[in-house]
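This report concerns only the one structure given below.
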Amino acid sequence: MLSADALPVRAPRLSWFKSGLFWRTFLLLGLLTTLSMGSWIAMISAVQRGPQVEQTAELVISVVTITHAALTHSAPDLRTELLFELVSNEGIRVLPLLPTDSVEPPPDSPLMPEIEALIKQKLGKDTRFSSNVNGTTGFWISFKIDGDEYWLMLERERLSGLSGVQWLGWAGVVGVLSLLGAALISSLINLPLARLTAAARAIAQGKRPAALPEKGAQEIIEANRSFNQMVDDLQRVETDRALILAGISHDLRTPLTRMQLEVEMAQLSQDAREGMQSDIAQMDAIIGQFLDYAKPTETSSFVPVNMSELLADVARAAERIPSMRVRTDIEAEVVVMANATDLRRVFNNIIENARRYGVTPGTSYTEIDIGCHVRVIGGSRRAVIALEDHGEGVPAAQIEQLLKPFTRLDTARGQANGAGLGLAIVERVVLRHQATLSVRNRDGGGLHIGLAMAVV
């Protein structure tokens with residue numbers, strides 16, 4: 001009987017990295033840090049390339065030269081002891097170079113060609129290099145003593161700088177520390193704004209937020225001070241408005257009550273008396289609409305409300321009106337946090353609006369359908385409520401005007417008395433309940449008014 005989908009599903013929110021100021025700041029700082037690190041590494045590599053090549057070549061040349069001199073000038077019977085000392089103390093091994101040696105190419109390093117060129121300039125063009133000789137890994141270089149060729153092996157650790165894995169490890173450590181710093185800086189930058197946003201959200205929900213701390217940068221101090229002043233001013237305005245509303249209710253309705261009494265006692269014809277009583281009742285209703293529109297809804301008054309029972313009670317009251325025909329499709333035990341009195345006023349305003357303007361064509365009565373179901377919208381369970389009449393509906397271009405204060409689309413839905421605040425009150429109360437409101441034409445004719453609010 002009723003379409004349960006009273007409200008269209010909202011468009012998905014922007015992804016976290018697009019919508020969050022913290023993440024934007026964090027990513028920008030992280031990107032800046034990464035680019036800076038990359039630039040520094042590239043610059044250090046370029047600056048150190050030449051000195052590192054020269055230093056490595058000079059070290060190899062010095063070791064070969066000293067070893068050659070030591071072996072050449074040492075007594076033959078002491079060479080074995082000298083070779084043992086070179087291996088044990090300096091990590092230098094000297095072996096004869098044989099044609100049968102299993103030799104692998106020199107280490108594959110971007111600096112190796114330049115190192116080889118410098119070494120060959122000093123030791124000769126026939127100098128050979130290897131990374132592995134006869135299964136022994138190291139930095140091998142050949143030299144000659146009296147026409148005999150020898151291999152001299154140095155441990156690679158003495159020649160190599162930071163390896164790629166080590167560079168990556170250090171870059172990872174620096175990167176993590178930089179990202180932690182970026183997160184800290186982003187938090188410190190966005191903390192005042194987050195506090196301001198939370199306080200503004202509390203005001204939108206009808207709460208009085210705690211005063212923002214007036215400390216930090218001068219701009220933050222001024223913004224927080226201005227916001228605190230605004231909150232105090234709003235509180236004072238609310239207090240004054242409550243007093244004004246109480247005064248209006250008393251000062252305007254008291255004369256109306258006297259006028260009603262005087263009309264009853266006056267010697268008037270029945271038609272004149274009924275006309276004046278109707279005018280007085282209309283004035284009282286208009287005053288009530290003004291007060292309902294201006295009256296704030298305090299969130300502190302929200303309690304668990306059984307929406308199913310409330311709508312059923314509203315439907316029973318509407319059925320007692322002779323010109324109303326009511327059908328219901330209400331799910332049982334739907335509970336929401338709300339002000340029951342304000343919600344009842346919302347539904348009564350919608351039903352009264354339908355009674356006045358939504359008469360079923362070709363009949364003298366108004367048909368209205370009331371439905372309530374629990375649906376999952378945007379990942380959360382919400383009570384979806386729909387009230388639909390079977391009248392002529394409203395031109396699509398004028399639907400938005402229905403929710404504006406003091407607006408009556410008399411040409412579209414008939415002439416009636418009132419201040420034009422009925423649906424404006426509905427929207428005001430619905431928004432204060434952190435609910436969403438939908439107004440559209442019903443499929444098949446009539447007006448559909450739906451609202452969705454969180455389920456307890």
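FYI, nothing fancy with the structure tokens labels: chains A, B, ... in order, residues from 1 per chain, ligands from 1 as they appear.
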Residues within 6 Å of range 373-388 of chain A, only C-alpha atoms, excluding chain neighbours under 6 positions, as a list in words: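 That gives Ala6, Glu331, Leu447, His448, Ile449, Gly450, Leu451, Ala452, Met453, Ala454 and Val455 of chain A.
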Backbone DSSP call of alpha helix (DSSP H) for range 224-432 of chain A, listed as a count of residues only: 113
Nearby residues (only C-alpha atoms) at most 8 Å from range 146-153 of chain A, same-chain spacing under 6 positions excluded, as a list of chain:residue names: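 Contacts, with the query itself left out: A:Val64, A:Ile92, A:Arg93, A:Val94, A:Leu95, A:Pro96, A:Leu97, A:Gly138, A:Phe139, A:Trp140.
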Would you output that residue set with N, CA and C atoms, as an mmCIF file, in the first residue's frame?
data_model
loop_
_atom_site.group_PDB
_atom_site.id
_atom_site.type_symbol
_atom_site.label_atom_id
_atom_site.label_comp_id
_atom_site.auth_asym_id
_atom_site.auth_seq_id
_atom_site.Cartn_x
_atom_site.Cartn_y
_atom_site.Cartn_z
ATOM 1 N N VAL A 64 98.013 -2.693 -2.662
ATOM 2 C CA VAL A 64 98.793 -3.486 -3.614
ATOM 3 C C VAL A 64 100.254 -3.057 -3.590
ATOM 4 N N ILE A 92 94.112 -9.580 4.115
ATOM 5 C CA ILE A 92 94.679 -9.552 2.757
ATOM 6 C C ILE A 92 95.238 -10.938 2.445
ATOM 7 N N ARG A 93 94.783 -11.492 1.342
ATOM 8 C CA ARG A 93 95.266 -12.809 0.929
ATOM 9 C C ARG A 93 96.000 -12.666 -0.400
ATOM 10 N N VAL A 94 97.161 -13.312 -0.506
ATOM 11 C CA VAL A 94 97.973 -13.294 -1.723
ATOM 12 C C VAL A 94 98.133 -14.724 -2.206
ATOM 13 N N LEU A 95 97.738 -14.963 -3.478
ATOM 14 C CA LEU A 95 97.834 -16.297 -4.065
ATOM 15 C C LEU A 95 98.446 -16.187 -5.456
ATOM 16 N N PRO A 96 99.130 -17.222 -5.886
ATOM 17 C CA PRO A 96 99.643 -17.202 -7.261
ATOM 18 C C PRO A 96 98.494 -17.207 -8.264
ATOM 19 N N LEU A 97 98.680 -16.482 -9.350
ATOM 20 C CA LEU A 97 97.683 -16.446 -10.423
ATOM 21 C C LEU A 97 98.008 -17.541 -11.401
ATOM 22 N N GLY A 138 85.472 -12.106 -2.807
ATOM 23 C CA GLY A 138 86.183 -10.954 -2.289
ATOM 24 C C GLY A 138 86.462 -9.983 -3.417
ATOM 25 N N PHE A 139 87.307 -9.009 -3.149
ATOM 26 C CA PHE A 139 87.725 -8.088 -4.195
ATOM 27 C C PHE A 139 89.131 -8.492 -4.609
ATOM 28 N N TRP A 140 89.268 -9.141 -5.756
ATOM 29 C CA TRP A 140 90.540 -9.687 -6.239
ATOM 30 C C TRP A 140 91.135 -8.753 -7.280
#
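When only C-alpha atoms are used to compute distances to Ser278 in chain A, the closest of the residues A:Met230, A:Thr360, A:Ala396, A:Met259 turns out to be A:Met259.
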Among the residues A:Ser301, A:Ser178, A:Asn132, A:Ser187, the one that comes closest to Thr341 in chain A [using only C-alpha atoms]: A:Ser301
Point-to-point distance in Å for CA of Gly135 in chain A and CA of Pro99 in chain A: 15.2 Å
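Picture a line from CA of Asp389 in chain A to CA of Glu367 in chain A; it runs 5.6 Å.
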Å distance separating CA of Ala424 in chain A from CA of Lys404 in chain A, one decimal place: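 Taking CA of Ala424 in chain A and CA of Lys404 in chain A, their separation equals 5.7 Å.
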Gly446 in chain A: which residues within 10 Å, counting only C-alpha atoms, same-chain residues fewer than 5 positions away excluded, as a PDB file with N, CA and C atoms, in the first residue's frame?
ATOM      1  N   ALA A 354      -3.061  18.001   4.768  1.00  0.00           N
ATOM      2  CA  ALA A 354      -3.718  17.098   3.816  1.00  0.00           C
ATOM      3  C   ALA A 354      -5.235  17.280   3.848  1.00  0.00           C
ATOM      4  N   TYR A 357      -5.933  20.608   1.889  1.00  0.00           N
ATOM      5  CA  TYR A 357      -5.540  20.754   0.493  1.00  0.00           C
ATOM      6  C   TYR A 357      -5.532  19.445  -0.303  1.00  0.00           C
ATOM      7  N   GLY A 358      -5.663  18.295   0.373  1.00  0.00           N
ATOM      8  CA  GLY A 358      -5.504  17.017  -0.320  1.00  0.00           C
ATOM      9  C   GLY A 358      -6.778  16.222  -0.479  1.00  0.00           C
ATOM     10  N   VAL A 359      -7.899  16.897  -0.669  1.00  0.00           N
ATOM     11  CA  VAL A 359      -9.163  16.185  -0.858  1.00  0.00           C
ATOM     12  C   VAL A 359      -9.074  15.324  -2.113  1.00  0.00           C
ATOM     13  N   THR A 360      -9.495  14.069  -1.981  1.00  0.00           N
ATOM     14  CA  THR A 360      -9.460  13.155  -3.127  1.00  0.00           C
ATOM     15  C   THR A 360     -10.394  13.655  -4.219  1.00  0.00           C
ATOM     16  N   PRO A 361      -9.916  13.791  -5.462  1.00  0.00           N
ATOM     17  CA  PRO A 361     -10.771  14.295  -6.544  1.00  0.00           C
ATOM     18  C   PRO A 361     -12.031  13.449  -6.718  1.00  0.00           C
ATOM     19  N   GLU A 367      -8.246  11.126   1.733  1.00  0.00           N
ATOM     20  CA  GLU A 367      -7.627   9.836   2.029  1.00  0.00           C
ATOM     21  C   GLU A 367      -6.152  10.062   2.346  1.00  0.00           C
ATOM     22  N   ILE A 368      -5.687   9.445   3.406  1.00  0.00           N
ATOM     23  CA  ILE A 368      -4.281   9.590   3.778  1.00  0.00           C
ATOM     24  C   ILE A 368      -3.742   8.235   4.232  1.00  0.00           C
ATOM     25  N   GLU A 388       0.979  10.133   3.049  1.00  0.00           N
ATOM     26  CA  GLU A 388       0.614  10.420   1.666  1.00  0.00           C
ATOM     27  C   GLU A 388      -0.888  10.666   1.565  1.00  0.00           C
ATOM     28  N   ASP A 389      -1.244  11.746   0.877  1.00  0.00           N
ATOM     29  CA  ASP A 389      -2.663  11.957   0.566  1.00  0.00           C
ATOM     30  C   ASP A 389      -2.925  11.560  -0.882  1.00  0.00           C
ATOM     31  N   HIS A 390      -4.177  11.571  -1.274  1.00  0.00           N
ATOM     32  CA  HIS A 390      -4.591  11.155  -2.609  1.00  0.00           C
ATOM     33  C   HIS A 390      -5.203  12.324  -3.382  1.00  0.00           C
ATOM     34  N   GLY A 391      -4.733  13.538  -3.063  1.00  0.00           N
ATOM     35  CA  GLY A 391      -5.283  14.722  -3.721  1.00  0.00           C
ATOM     36  C   GLY A 391      -4.687  14.960  -5.092  1.00  0.00           C
ATOM     37  N   GLU A 392      -4.673  16.225  -5.477  1.00  0.00           N
ATOM     38  CA  GLU A 392      -4.187  16.583  -6.804  1.00  0.00           C
ATOM     39  C   GLU A 392      -2.678  16.818  -6.846  1.00  0.00           C
ATOM     40  N   GLY A 393      -2.037  16.842  -5.695  1.00  0.00           N
ATOM     41  CA  GLY A 393      -0.605  17.076  -5.669  1.00  0.00           C
ATOM     42  C   GLY A 393      -0.247  18.540  -5.855  1.00  0.00           C
ATOM     43  N   VAL A 394       1.045  18.790  -6.102  1.00  0.00           N
ATOM     44  CA  VAL A 394       1.581  20.142  -6.231  1.00  0.00           C
ATOM     45  C   VAL A 394       2.443  20.185  -7.481  1.00  0.00           C
ATOM     46  N   ARG A 440       7.556  15.219  -2.026  1.00  0.00           N
ATOM     47  CA  ARG A 440       7.435  14.988  -3.464  1.00  0.00           C
ATOM     48  C   ARG A 440       6.002  14.582  -3.773  1.00  0.00           C
ATOM     49  N   ASN A 441       5.673  14.579  -5.047  1.00  0.00           N
ATOM     50  CA  ASN A 441       4.345  14.125  -5.464  1.00  0.00           C
ATOM     51  C   ASN A 441       4.275  12.611  -5.392  1.00  0.00           C
TER      52      ASN A 441
END
All strand (DSSP E or B) residues (DSSP, backbone) inside range 223-410 of chain A, as number ranges by chain: A: 303-306, 324-330, 335-338, 366-377, 380-389
Using only C-alpha atoms: which of A:Val346, A:Ala117, A:Val103, A:Leu179 has the shortest distance to Thr137 in chain A: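 Of A:Val346, A:Ala117, A:Val103, A:Leu179, the one nearest Thr137 in chain A, counting only C-alpha atoms, is A:Val103.
Residues in contact with Glu427 in chain A at 9 Å, where only C-alpha atoms are counted and same-chain residues fewer than 2 positions away are skipped, are listed as Val346, Leu403, Leu423, Ala424, Ile425, Val429, Val430, Leu431, Arg432, Thr436 and Leu437 of chain A.
Across A:Met112, A:Ala210, A:Val335, A:Val60, the tightest approach to Leu196 in chain A is made by A:Ala210 when counting only C-alpha atoms.
Minimum atom-to-atom distance to Thr366 in chain A, evaluated using only C-alpha atoms, belongs to A:Arg327 out of A:Arg128, A:Lys207, A:Arg327, A:His433.
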Counting only C-alpha atoms, the option among A:Ala57, A:Ala183, A:Ile145, A:Leu154 closest to Lys120 in chain A: A:Ala57
Near Ala199 in chain A, counting only C-alpha atoms, which residues have an atom at most 10 Å away, once you skip same-chain residues fewer than 6 positions from it, shown as a PDB file with N, CA and C atoms, in the first residue's frame?
ATOM      1  N   LEU A 193      40.736  23.763  14.754  1.00  0.00           N
ATOM      2  CA  LEU A 193      39.615  23.702  13.822  1.00  0.00           C
ATOM      3  C   LEU A 193      38.667  22.570  14.189  1.00  0.00           C
ATOM      4  N   GLN A 205      22.907  21.098  17.071  1.00  0.00           N
ATOM      5  CA  GLN A 205      22.077  20.102  17.725  1.00  0.00           C
ATOM      6  C   GLN A 205      21.325  20.663  18.922  1.00  0.00           C
ATOM      7  N   LYS A 207      22.644  22.184  21.576  1.00  0.00           N
ATOM      8  CA  LYS A 207      23.387  22.095  22.830  1.00  0.00           C
ATOM      9  C   LYS A 207      24.257  23.338  23.014  1.00  0.00           C
ATOM     10  N   ARG A 208      24.640  23.586  24.257  1.00  0.00           N
ATOM     11  CA  ARG A 208      25.566  24.681  24.542  1.00  0.00           C
ATOM     12  C   ARG A 208      26.961  24.091  24.713  1.00  0.00           C
ATOM     13  N   PRO A 209      27.888  24.361  23.793  1.00  0.00           N
ATOM     14  CA  PRO A 209      29.225  23.763  23.891  1.00  0.00           C
ATOM     15  C   PRO A 209      30.051  24.424  24.986  1.00  0.00           C
ATOM     16  N   ALA A 210      31.063  23.697  25.439  1.00  0.00           N
ATOM     17  CA  ALA A 210      32.002  24.279  26.397  1.00  0.00           C
ATOM     18  C   ALA A 210      32.813  25.379  25.712  1.00  0.00           C
ATOM     19  N   ALA A 211      33.245  26.344  26.494  1.00  0.00           N
ATOM     20  CA  ALA A 211      34.003  27.461  25.939  1.00  0.00           C
ATOM     21  C   ALA A 211      35.306  26.964  25.315  1.00  0.00           C
ATOM     22  N   LEU A 212      35.636  27.485  24.145  1.00  0.00           N
ATOM     23  CA  LEU A 212      36.877  27.107  23.473  1.00  0.00           C
ATOM     24  C   LEU A 212      38.062  27.768  24.164  1.00  0.00           C
ATOM     25  N   PHE A 227      34.059  33.203  18.751  1.00  0.00           N
ATOM     26  CA  PHE A 227      33.065  32.127  18.806  1.00  0.00           C
ATOM     27  C   PHE A 227      32.434  32.045  20.189  1.00  0.00           C
ATOM     28  N   ASN A 228      33.250  32.151  21.241  1.00  0.00           N
ATOM     29  CA  ASN A 228      32.699  32.117  22.592  1.00  0.00           C
ATOM     30  C   ASN A 228      31.729  33.270  22.819  1.00  0.00           C
ATOM     31  N   VAL A 231      28.479  32.398  21.126  1.00  0.00           N
ATOM     32  CA  VAL A 231      27.688  31.432  21.899  1.00  0.00           C
ATOM     33  C   VAL A 231      26.962  32.136  23.041  1.00  0.00           C
TER      34      VAL A 231
END
